[in-house]
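S.K.: File follows, entry21.cif with mmCIF, C-alpha atoms:
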data_model
#
loop_
_atom_site.label_atom_id
_atom_site.label_comp_id
_atom_site.auth_asym_id
_atom_site.auth_seq_id
_atom_site.Cartn_x
_atom_site.Cartn_y
_atom_site.Cartn_z
CA MET A 24 -6.31 6.31 27.31
CA PRO A 25 -5.35 9.41 25.32
CA ARG A 26 -1.77 10.53 25.22
CA THR A 27 -0.84 13.07 27.81
CA ALA A 28 1.26 16.18 27.41
CA GLU A 29 4.11 14.28 29.05
CA THR A 30 4.03 11.48 26.43
CA SER A 31 2.93 13.41 23.35
CA SER A 32 6.46 13.50 21.93
CA PHE A 33 7.16 9.78 22.46
CA SER A 34 7.54 7.50 19.44
CA PHE A 35 8.83 3.99 18.84
CA ASN A 36 12.26 4.52 17.31
CA HIS A 37 14.13 1.24 16.93
CA THR A 38 14.61 -2.41 17.73
CA MET A 39 18.07 -3.91 18.22
CA ILE A 40 19.14 -7.44 17.34
CA ARG A 41 22.62 -8.95 17.57
CA VAL A 42 24.17 -10.40 14.43
CA LYS A 43 27.08 -12.78 13.89
CA ASP A 44 28.41 -11.42 10.59
CA PRO A 45 27.52 -7.85 9.62
CA LYS A 46 28.47 -8.33 5.96
CA VAL A 47 25.95 -11.16 5.58
CA SER A 48 23.25 -9.39 7.62
CA LEU A 49 23.67 -6.04 5.87
CA ALA A 50 23.42 -7.73 2.46
CA PHE A 51 20.20 -9.45 3.58
CA TYR A 52 18.52 -6.36 5.02
CA GLN A 53 19.63 -4.04 2.20
CA ASP A 54 19.46 -6.25 -0.89
CA ILE A 55 16.66 -8.65 0.01
CA ILE A 56 14.47 -6.63 2.39
CA GLY A 57 15.22 -3.24 0.77
CA MET A 58 16.27 -1.18 3.78
CA ASP A 59 18.75 1.69 3.59
CA LEU A 60 21.78 1.90 5.85
CA LEU A 61 21.31 5.12 7.83
CA SER A 62 24.54 5.10 9.80
CA VAL A 63 27.35 3.04 11.25
CA LYS A 64 28.82 3.64 14.70
CA LYS A 65 32.07 1.82 15.48
CA PHE A 66 33.29 1.20 19.01
CA ASP A 67 36.21 -0.83 20.36
CA ASP A 68 34.29 -4.08 20.94
CA PHE A 69 31.18 -3.67 18.81
CA THR A 70 29.67 -1.83 15.85
CA LEU A 71 26.11 -0.56 15.45
CA TYR A 72 24.36 -0.48 12.07
CA PHE A 73 21.09 1.46 11.76
CA LEU A 74 18.73 0.61 8.88
CA ALA A 75 15.28 1.79 7.81
CA PHE A 76 13.03 1.99 4.78
CA ASN A 77 13.29 5.17 2.74
CA HIS A 78 9.81 6.61 2.25
CA ALA A 79 11.06 10.14 1.55
CA GLY A 80 10.39 9.92 -2.19
CA LYS A 81 14.01 10.85 -2.92
CA GLU A 82 17.47 9.52 -2.31
CA LEU A 83 18.70 10.78 1.05
CA THR A 84 22.18 12.17 1.52
CA THR A 85 24.52 10.66 4.09
CA GLU A 86 23.86 13.66 6.32
CA GLU A 87 20.07 13.31 6.00
CA LYS A 88 20.26 9.60 6.83
CA GLU A 89 22.42 10.27 9.89
CA ALA A 90 20.16 13.10 11.06
CA SER A 91 17.04 10.92 10.74
CA ARG A 92 18.36 8.01 12.79
CA PHE A 93 16.67 9.07 16.03
CA SER A 94 13.88 11.20 14.57
CA ARG A 95 11.93 8.49 12.75
CA GLU A 96 10.08 5.31 13.55
CA GLY A 97 10.80 1.80 12.34
CA VAL A 98 14.59 1.71 12.60
CA LEU A 99 16.39 -1.62 12.89
CA GLU A 100 19.67 -1.59 14.79
CA LEU A 101 22.05 -4.46 14.08
CA THR A 102 24.70 -4.90 16.76
CA HIS A 103 27.86 -6.78 15.86
CA ASN A 104 30.11 -7.89 18.70
CA HIS A 105 33.53 -8.03 17.07
CA GLY A 106 34.98 -11.49 16.52
CA THR A 107 31.77 -13.51 16.30
CA GLU A 108 32.02 -13.73 12.51
CA THR A 109 35.32 -15.64 12.72
CA ASP A 110 34.77 -17.61 15.95
CA ALA A 111 34.33 -21.27 14.98
CA ASN A 112 32.87 -21.99 18.43
CA PHE A 113 30.27 -19.20 18.29
CA GLN A 114 26.85 -20.87 18.40
CA GLY A 115 24.78 -17.87 17.34
CA TYR A 116 22.24 -15.81 19.20
CA ALA A 117 18.89 -16.93 20.57
CA SER A 118 16.13 -15.84 18.19
CA GLY A 119 13.67 -15.74 21.07
CA ASN A 120 11.46 -18.43 19.55
CA THR A 121 12.99 -21.51 21.16
CA GLU A 122 14.02 -22.58 24.64
CA PRO A 123 16.13 -21.47 26.38
CA GLY A 124 15.54 -17.80 25.94
CA LYS A 125 12.02 -17.84 24.52
CA GLY A 126 10.68 -14.30 24.61
CA PHE A 127 11.37 -12.05 21.65
CA GLY A 128 9.29 -13.26 18.71
CA HIS A 129 9.82 -11.39 15.46
CA ILE A 130 9.94 -8.15 13.56
CA ALA A 131 7.45 -7.53 10.75
CA ILE A 132 7.40 -5.85 7.38
CA THR A 133 4.37 -4.89 5.33
CA VAL A 134 4.18 -5.46 1.58
CA ASP A 135 1.64 -4.75 -1.15
CA ASP A 136 1.35 -8.43 -2.13
CA VAL A 137 2.51 -11.21 0.21
CA GLU A 138 2.45 -13.88 -2.53
CA LYS A 139 4.63 -11.80 -4.89
CA ALA A 140 7.03 -10.89 -2.10
CA CYS A 141 7.35 -14.57 -1.18
CA GLU A 142 7.99 -15.52 -4.82
CA ARG A 143 10.85 -12.99 -4.82
CA PHE A 144 12.19 -14.32 -1.50
CA ASP A 145 12.08 -17.83 -2.97
CA GLN A 146 14.05 -16.71 -6.03
CA LEU A 147 16.65 -15.12 -3.76
CA GLY A 148 17.03 -18.28 -1.68
CA VAL A 149 15.53 -16.88 1.53
CA GLN A 150 14.66 -19.49 4.14
CA PHE A 151 11.00 -19.66 5.18
CA LYS A 152 9.63 -20.49 8.61
CA LYS A 153 6.03 -20.31 7.32
CA ARG A 154 4.78 -19.86 3.79
CA PRO A 155 1.40 -18.25 3.02
CA THR A 156 0.04 -21.71 2.16
CA ASP A 157 0.99 -23.16 5.56
CA GLY A 158 -1.23 -23.22 8.62
CA LYS A 159 -4.46 -21.37 9.30
CA MET A 160 -3.27 -17.83 8.61
CA ARG A 161 -2.92 -18.03 4.82
CA HIS A 162 -2.33 -14.33 4.22
CA ILE A 163 1.01 -14.01 6.07
CA ALA A 164 4.47 -15.54 5.91
CA PHE A 165 7.55 -15.77 8.10
CA ILE A 166 11.05 -15.69 6.67
CA LEU A 167 14.35 -16.07 8.50
CA ASP A 168 17.26 -13.66 8.44
CA PRO A 169 20.87 -14.98 8.39
CA ASP A 170 20.91 -15.24 12.21
CA GLY A 171 17.59 -17.08 12.40
CA TYR A 172 15.46 -14.13 13.50
CA TRP A 173 11.89 -14.40 12.27
CA ILE A 174 10.51 -11.69 9.98
CA GLU A 175 6.75 -11.67 9.53
CA VAL A 176 5.58 -10.61 6.08
CA VAL A 177 2.08 -9.12 6.18
CA PRO A 178 -0.11 -7.25 3.71
CA ASN A 179 -0.37 -3.45 3.99
CA ARG A 180 -4.00 -3.89 4.98
CA MET A 181 -5.16 -6.86 7.01
CA LYS A 182 -8.09 -7.73 9.24
CA LEU A 183 -7.35 -9.96 12.22
#
Output the file's structure in the form of structure tokens.
M.R.:
Amino acid sequence: MPRTAETSSFSFNHTMIRVKDPKVSLAFYQDIIGMDLLSVKKFDDFTLYFLAFNHAGKELTTEEKEASRFSREGVLELTHNHGTETDANFQGYASGNTEPGKGFGHIAITVDDVEKACERFDQLGVQFKKRPTDGKMRHIAFILDPDGYWIEVVPNRMKL
């Protein structure tokens, strides 16, 4: 079905996941995955962190990052509920891939070369759920973020 005039301006902006410790998660998504922090919004009980890949071909200013937060696709919102990082009894969030709470599955990133990306992830100590050599689908991988969310790593071009 073609897009209608009513939906022609719609786009997929962001996905939100909850994180236990923003320092650990931000380091993972910025230093290991390569995303830029677009903006931070602090509230009394929680803080929102918006990240995305920079494909602008130049370093963006703080103002440009902030302005692009809701005008681009592929944004990841990390929500930190204050206190979880120091709560010894906090059991973490459901990743969506186990019971109870099975539902949400994963986010995905595309890379030029899955094998090379996985070699880098290995060197950086990233935990794998599935390596390219595992299972039937040998051209993809799944890594885990610090909260156990799955991240699928797929080639830029792939036939299913």
S.K.: Restricting the calculation to only C-alpha atoms: of A:Lys182, A:Arg41, A:Lys125, A:Lys65, which residue gets closest to Thr107 (chain A)?
M.R.: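 Closest candidate: A:Arg41.
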S.K.: Kindly indicate which residue among A:Val137, A:Phe93, A:Val42, A:Ser34 lies nearest to Phe113 (chain A), using only C-alpha atoms for the distances.
M.R.: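 Of A:Val137, A:Phe93, A:Val42, A:Ser34, the one nearest Phe113 (chain A), counting only C-alpha atoms, is A:Val42.
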S.K.: When distances are computed from only C-alpha atoms, which of A:Ala131, A:Ile55, A:Leu71, A:Ala28 shows the smallest separation from Phe165 (chain A)?
M.R.: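 Once distances to Phe165 (chain A) are computed over only C-alpha atoms, the minimum belongs to A:Ala131.
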S.K.: Translate the PyMOL selection byres ((chain A and resi 74) around 6) into a concrete residue list for this structure, as a ChimeraX atom specification.
M.R.: /A:58-61,73,75,98-99
S.K.: Tell me, as a list of chain:residue names, which residues lie within 12 Å of Asp145 (chain A), counting only C-alpha atoms; anything in the same chain fewer than 3 positions away does not count.
M.R.: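 Selected residues are A:Ile55, A:Glu138, A:Lys139, A:Ala140, A:Cys141, A:Glu142, A:Gly148, A:Val149, A:Gln150, A:Phe151, A:Arg154, A:Ala164, A:Ile166, A:Leu167.
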S.K.: From the structure just shown, export region 37-53 of chain A with N, CA, C and O atoms as an mmCIF file, in the first residue's frame.
M.R.:
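So the final result, stored in part-v3.cif, reads:
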data_model
loop_
_atom_site.group_PDB
_atom_site.id
_atom_site.type_symbol
_atom_site.label_atom_id
_atom_site.label_comp_id
_atom_site.auth_asym_id
_atom_site.auth_seq_id
_atom_site.Cartn_x
_atom_site.Cartn_y
_atom_site.Cartn_z
ATOM 1 N N HIS A 37 12.954 6.719 16.958
ATOM 2 C CA HIS A 37 13.833 6.120 17.956
ATOM 3 C C HIS A 37 13.231 4.910 18.653
ATOM 4 O O HIS A 37 12.032 4.690 18.601
ATOM 5 N N THR A 38 14.125 4.174 19.292
ATOM 6 C CA THR A 38 13.772 3.066 20.162
ATOM 7 C C THR A 38 14.339 3.374 21.531
ATOM 8 O O THR A 38 15.462 3.881 21.641
ATOM 9 N N MET A 39 13.582 3.059 22.582
ATOM 10 C CA MET A 39 14.045 3.317 23.947
ATOM 11 C C MET A 39 14.278 1.997 24.662
ATOM 12 O O MET A 39 13.472 1.077 24.563
ATOM 13 N N ILE A 40 15.418 1.913 25.365
ATOM 14 C CA ILE A 40 15.685 0.802 26.261
ATOM 15 C C ILE A 40 16.135 1.370 27.603
ATOM 16 O O ILE A 40 16.740 2.439 27.666
ATOM 17 N N ARG A 41 15.813 0.666 28.673
ATOM 18 C CA ARG A 41 16.209 1.087 30.015
ATOM 19 C C ARG A 41 17.580 0.507 30.343
ATOM 20 O O ARG A 41 17.859 -0.640 29.997
ATOM 21 N N VAL A 42 18.403 1.289 31.007
ATOM 22 C CA VAL A 42 19.743 0.839 31.361
ATOM 23 C C VAL A 42 19.980 1.011 32.860
ATOM 24 O O VAL A 42 19.450 1.925 33.484
ATOM 25 N N LYS A 43 20.785 0.127 33.416
ATOM 26 C CA LYS A 43 21.094 0.164 34.848
ATOM 27 C C LYS A 43 22.073 1.278 35.180
ATOM 28 O O LYS A 43 21.866 2.041 36.115
ATOM 29 N N ASP A 44 23.176 1.354 34.436
ATOM 30 C CA ASP A 44 24.245 2.307 34.729
ATOM 31 C C ASP A 44 24.587 3.092 33.471
ATOM 32 O O ASP A 44 25.195 2.557 32.549
ATOM 33 N N PRO A 45 24.204 4.355 33.404
ATOM 34 C CA PRO A 45 24.427 5.118 32.177
ATOM 35 C C PRO A 45 25.899 5.276 31.814
ATOM 36 O O PRO A 45 26.233 5.317 30.624
ATOM 37 N N LYS A 46 26.779 5.349 32.790
ATOM 38 C CA LYS A 46 28.206 5.491 32.463
ATOM 39 C C LYS A 46 28.699 4.288 31.673
ATOM 40 O O LYS A 46 29.405 4.422 30.676
ATOM 41 N N VAL A 47 28.322 3.098 32.115
ATOM 42 C CA VAL A 47 28.739 1.865 31.440
ATOM 43 C C VAL A 47 28.082 1.770 30.058
ATOM 44 O O VAL A 47 28.746 1.456 29.067
ATOM 45 N N SER A 48 26.790 2.053 29.989
ATOM 46 C CA SER A 48 26.068 1.955 28.714
ATOM 47 C C SER A 48 26.531 2.999 27.712
ATOM 48 O O SER A 48 26.690 2.701 26.523
ATOM 49 N N LEU A 49 26.745 4.229 28.168
ATOM 50 C CA LEU A 49 27.223 5.265 27.247
ATOM 51 C C LEU A 49 28.602 4.915 26.702
ATOM 52 O O LEU A 49 28.869 5.102 25.510
ATOM 53 N N ALA A 50 29.484 4.411 27.543
ATOM 54 C CA ALA A 50 30.817 4.001 27.076
ATOM 55 C C ALA A 50 30.688 2.906 26.011
ATOM 56 O O ALA A 50 31.375 2.932 24.988
ATOM 57 N N PHE A 51 29.798 1.957 26.225
ATOM 58 C CA PHE A 51 29.591 0.873 25.255
ATOM 59 C C PHE A 51 29.091 1.430 23.924
ATOM 60 O O PHE A 51 29.666 1.151 22.866
ATOM 61 N N TYR A 52 28.004 2.189 23.965
ATOM 62 C CA TYR A 52 27.406 2.658 22.715
ATOM 63 C C TYR A 52 28.259 3.703 21.995
ATOM 64 O O TYR A 52 28.244 3.771 20.767
ATOM 65 N N GLN A 53 29.023 4.495 22.722
ATOM 66 C CA GLN A 53 29.883 5.484 22.079
ATOM 67 C C GLN A 53 31.222 4.885 21.654
ATOM 68 O O GLN A 53 31.632 5.046 20.502
#
